[in-house]
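So the structure is just underneath, and the comments pick up after that.
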Amino acid sequence: MAAEQKFTPQTWPESPEQATLEGKNKFLGFWFFLGGETVLFASLFATYLALKDSVPSDTHAKAADLFELPLVFLMTMLLLTSSLTSVFAMYHMKNYSFKKMQQWLFITVVLGLGFLACEIYEFYHYYHAFEHKFTSSAFGSAFYTLVGFHGGHVVFGLSWIIALMIRNAKRGLNLYNAPKFYLASLYWHFIDVVWVFIFTVVYLMGMVG
Amino acid sequence: MSTIAHAQKRGFTGTIWEYLTTVDHKKIAILYLLAGGFFFIVGGIEAMMIRIQLAVPNNDFVSAGLFNEIITMHGTTMIFLAAMPLLFAFMNAVMPLQIGARDVAFPFVNALGFWLFFFGGVFLNLSWFLGGAPDAGWTSYASLSLASEGHGIDFYALGLQISGFGTLMGGINFLVTIINMRAPGMTYMRMPLFTWTTFVASALILFAFPPLTVGLFMLIFDRMFGSGFFDVAMGGNTIIWEHFFWIFGHPEVYILVLPAFGIFSEIFPTFARKRLFGYSSMVFATVLIGFLGFMVWAHHMFTTGLGPVANAIFAVATMAIAVPTGIKIFNWILTIWGGSIKFTVPMLYAVAFIPSFVMGGVTGVMQAAAPADYQFHDSYFIVAHFHYVIVGGIVLGLLGGAHFYWPLMFGTMLSEKLGKITFVLFLVGFHLTFFIQHFLGLMGMPRRVWTFLEGQGLATGNLISSIGAAFMALGIIVLLVNIVITQKKNIQVGRDPWEDGRTLEWAIPSPVPFYNFKQLPLVRGLDPFWIEKMEGKTDMTPAEPVGDIHMPNNSFVPFVISLGLFVAAFGAMYHADEGKDWAIPVLIIGMLITFGAMLYRSVKDDHGYHIHKEDLLDEAEGGTR
């Protein structure tokens, strides 16, 4: 089977993720999918902006009361760094060095889990310290939906990368799984880009007004 | 062991299993046609009940509450579960053949898209048996839908969410197929118009469905999980739903009508036996309609109170759409002009479509004038308008397309005689039903009204309208009879049964081999098969020698993934009820089924198989099977 052909670093094609028609299709299809995801998040951002600080009474916490920079800054750093490490992983994928790719993916996953832990703590904190809940106000609903959808994407992305790492641990790279690794990393970048907007629109804009 | 053994005959259960697991675009097309046809009939029965209720004043054929459920389900079923899948049926059956591809880009995803749509549709319709259907109109405006009791709206939100995922996947699949899998020589500007409209409609799906997804999620959260997006008491805003619904809903109109335009653009040149007039302007108009379709959603909300500036901008943008649409109308007329016309059934539908659709367009421009729309809004004038667009455009396209592409999908030809009877009954019934509704609306009859009183001057008009609906129903019954007779006789008509096929889909043998093209064809211009015919050839020039063909494996996983969401939806819906502790476990089990099946798909290698060159050559010589 052509897809399981063994390669050496010398024979490994330059863009392994697009070396087969299947790979090309997946590459293009996934970009389209991310286009749709962009609209999805744009809709969630619009909803958040429309409902920001929209609470039933003054006793409810507003954005300026909730957010604190240190924790969010740490989360941003974790996620941005994990995006960088996934770039390193893809660099090694393109050079056909499977072991190094796995190592960098592992670091990516660890950073992603760190981000996720911070987010869970963050939600827990808002819930208990501020009574800021999904069901307490329209602001709460919009906040947890936007940030939670992003968090859900992080969980899915991490599961995906872990599944790929375990599945291919023993057999190394070929033209069948190279597109899969590539798309998972593309997804991871997308999650990162969305976070940059969340950081700006939700947290920074939330703290200044 | 031959690699073409797949084509062998199977028993009944074998056939069922084949269709449950198929990833072949031609079989998925048949599944879409069957399921979409079924829902079309369900929606049609609902339509008949509406017209029976409104036939005479003060009628109580159905109760007011049931009437609300029927109009809601009629609209929702017809748009999401009939028109969309029926168009997807033709896109699946025809588009890959038109561009010279052996299948779509993602056969597995294609099957997944179908099963998601199917389970979503079944879920939505189960509401009839499980405590009542949704009753807030097909637009399900939030203040009304939040107040609706029972589970009707939950069925609406969850069912559309599931089937919407399927549609989104179908859209991405078609986009990639058209970009990556065209045969040698099939440049963008040589693509048949149906392929072009599929392409633009798919792009619209990609960007229009996510806002609906978000809107539906918010409705689900508000109704079932206690959030407050649309609940003003919690600081929410009910207008957000209207925006998201129409940011989706308006492009949806073009998602539906563009492929219908595409079907007509194939029918006209075939039966006028003349090249499509103004091909490039047709493509340009299609793309332009696609762009403008996203900039006009607020014309559904003129009376919401967005203010004069917003209303003016959206009014102008809306009127602008008349320009590319007009270009298309004139191109079709000029295609017929001076042609050597054959009035087959598809051609009759195409010719009837032009004036019918233009009338829908004209009333559309009337409503685009925002001040005038304050008068038309929520009256029967609107009902008349959108039925002229949807029935006069899309349904005529579907009926014409069904007759036109029937030989391609089934190898048989629907009876022309019965087809003409259907056509006359349906067209007369259609105008009888909806033309009068313009005037009912102008006389003040509000939309979605359960009944009316005597002496309001509405009785005669409504009776005429109901009689027209009966004509349409008769037409559809004749069509069903036609289908049964045709399939019973099962006379195989061979390839190019219309004799004047211009594009690639008519150049391949009938029934279409499961691998479509033994050798990919070389495309030398627009209407490639016509070009070869004009040079006295009977076949396409091949672009490659006979070689091994790579084929995807069948899979049951798409069914399981969709089933999981179907199960989970019940859990989500019932968890808020008292004493239903089983709901949350059901939700979790359903999601586990879905994600487990996705994981299985991810880790289990699926390389497909190859049809060997020798077998292809054997088949050509011997024809042993």
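Residue numbering restarts at 1 in every chain; chains get A, B, ... in the order shown in the structure tokens, and ligands count up from 1 in that same order.
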Exercise. Write down, as a ChimeraX atom specification, each residue of chain A that has any atom within 8 Å of an atom of chain B, counting only C-alpha atoms.
Key: /A:1,3,22,24-25,28-29,32-33,35-37,39-40,43-44,47,51,54-56,134-139,141-142,163-164,167
Practice problem: Would you list the contacts of A:Phe30 as JSON, numbers by chain, taking every protein, DNA or RNA residue within 8 Å and counting only C-alpha atoms, but skipping same-chain residues closer than 4 positions in sequence? | Solution: {"A": [26, 34, 183]}
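In terms of minimum interatomic distance to A:Ile191, A:Phe149 ranks closest within A:Phe149, A:Phe67, A:Tyr127, A:Tyr176, counting only C-alpha atoms.
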Quiz item: Could you pull the residues within 8 Å of B:Ile341, counting only C-alpha atoms, minus those fewer than 6 positions along the same chain, as an MDAnalysis selection string?
Solution: chainID B and resid 271:273
Quiz item: What lies within 7 Å of B:Ala583 using only C-alpha atoms, ignoring chain neighbours under 6 positions off, as a PyMOL selection string?
Solution: chain B and resi 571-572+574-575
Exercise. Excluding stretch 557-568 of chain B and any residue of its chain fewer than 3 positions from it, enumerate the residues within 10 Å of it, using only C-alpha atoms, and give them as a PyMOL selection string.
Key: chain B and resi 20-23+108-120+122-123+158-159+161-163+165-166+554+571-573+583-598+600-601
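In terms of minimum interatomic distance to A:Thr8, A:Ser97 ranks closest within A:Ser97, A:Ser86, A:Ile107, A:Gln102, counting only C-alpha atoms.
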Quiz item: Contacts of B:Thr187 at 10 Å or less, counting only C-alpha atoms, minus same-chain residues fewer than 5 places along, as a PyMOL selection string?
Solution: chain B and resi 99+179+182+523-526
Quiz item: Within 10 Å of stretch 291-299 of chain B, counting only C-alpha atoms, which residues qualify if same-chain residues fewer than 2 places away don't, as JSON, numbers by chain?
Solution: {"B": [200, 203, 204, 207, 208, 242, 243, 244, 245, 246, 247, 248, 249, 250, 251, 252, 253, 254, 255, 285, 286, 287, 288, 289, 301, 302, 303, 304, 306, 310, 311, 312, 313, 314, 315, 316, 317, 318, 319, 320, 321, 324, 367, 368, 369, 370, 373]}
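Using only C-alpha atoms, the smallest distance between any of B:Tyr32, B:Phe529, B:Phe40, B:Trp450 and B:Asn92 comes from B:Tyr32.
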Practice problem: Quick one: pull the distance between atom CA of B:Val365 and atom CA of B:Arg447, Å, one decimal. | Solution: 19.4 Å
Return as CSV the residues of stretch 84-149 of chain A lying at most 10 Å from stretch 60-63 of chain A, together with the closest atom-to-atom pair for each and the distance in Å to one decimal, counting only C-alpha atoms, with rows in chain order and ascending residue number.
```
residue,atom,partner,partner_atom,distance
A:Tyr126,CA,A:Ala61,CA,9.2
A:Ala129,CA,A:Ala61,CA,9.9
A:Phe130,CA,A:Ala61,CA,6.3
A:Glu131,CA,A:His60,CA,7.6
A:His132,CA,A:Ala61,CA,6.5
A:Lys133,CA,A:His60,CA,9.8
A:Ser136,CA,A:His60,CA,8.2
A:Ser137,CA,A:His60,CA,8.0
A:Phe139,CA,A:Lys62,CA,8.0
A:Gly140,CA,A:Lys62,CA,9.1
A:Phe143,CA,A:Ala63,CA,9.4
```
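Counting from atom CA of B:Leu81, the distance to atom CA of A:His153 is 29.2 Å.
Closest approach to B:Ile333 from the set B:Leu276, B:Leu258, B:Met413, B:Val362 is made by B:Leu276, with distances taken over only C-alpha atoms.
Nearest to A:Tyr96 of all the residues A:Asp65, A:Asp53, A:Glu14, A:Glu119 is A:Glu14, counting only C-alpha atoms.
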Exercise. List every residue of chain A that DSSP, applied to the backbone of this structure, assigns to alpha helix (DSSP H), and report them as a VMD selection string.
Key: chain A and resid 21 to 51 63 to 66 69 to 94 98 to 130 138 to 167 178 to 198 205 to 208
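Our summary of the geometry notes that atom CA of A:Leu71 is positioned 11.2 Å from atom CA of A:His125.
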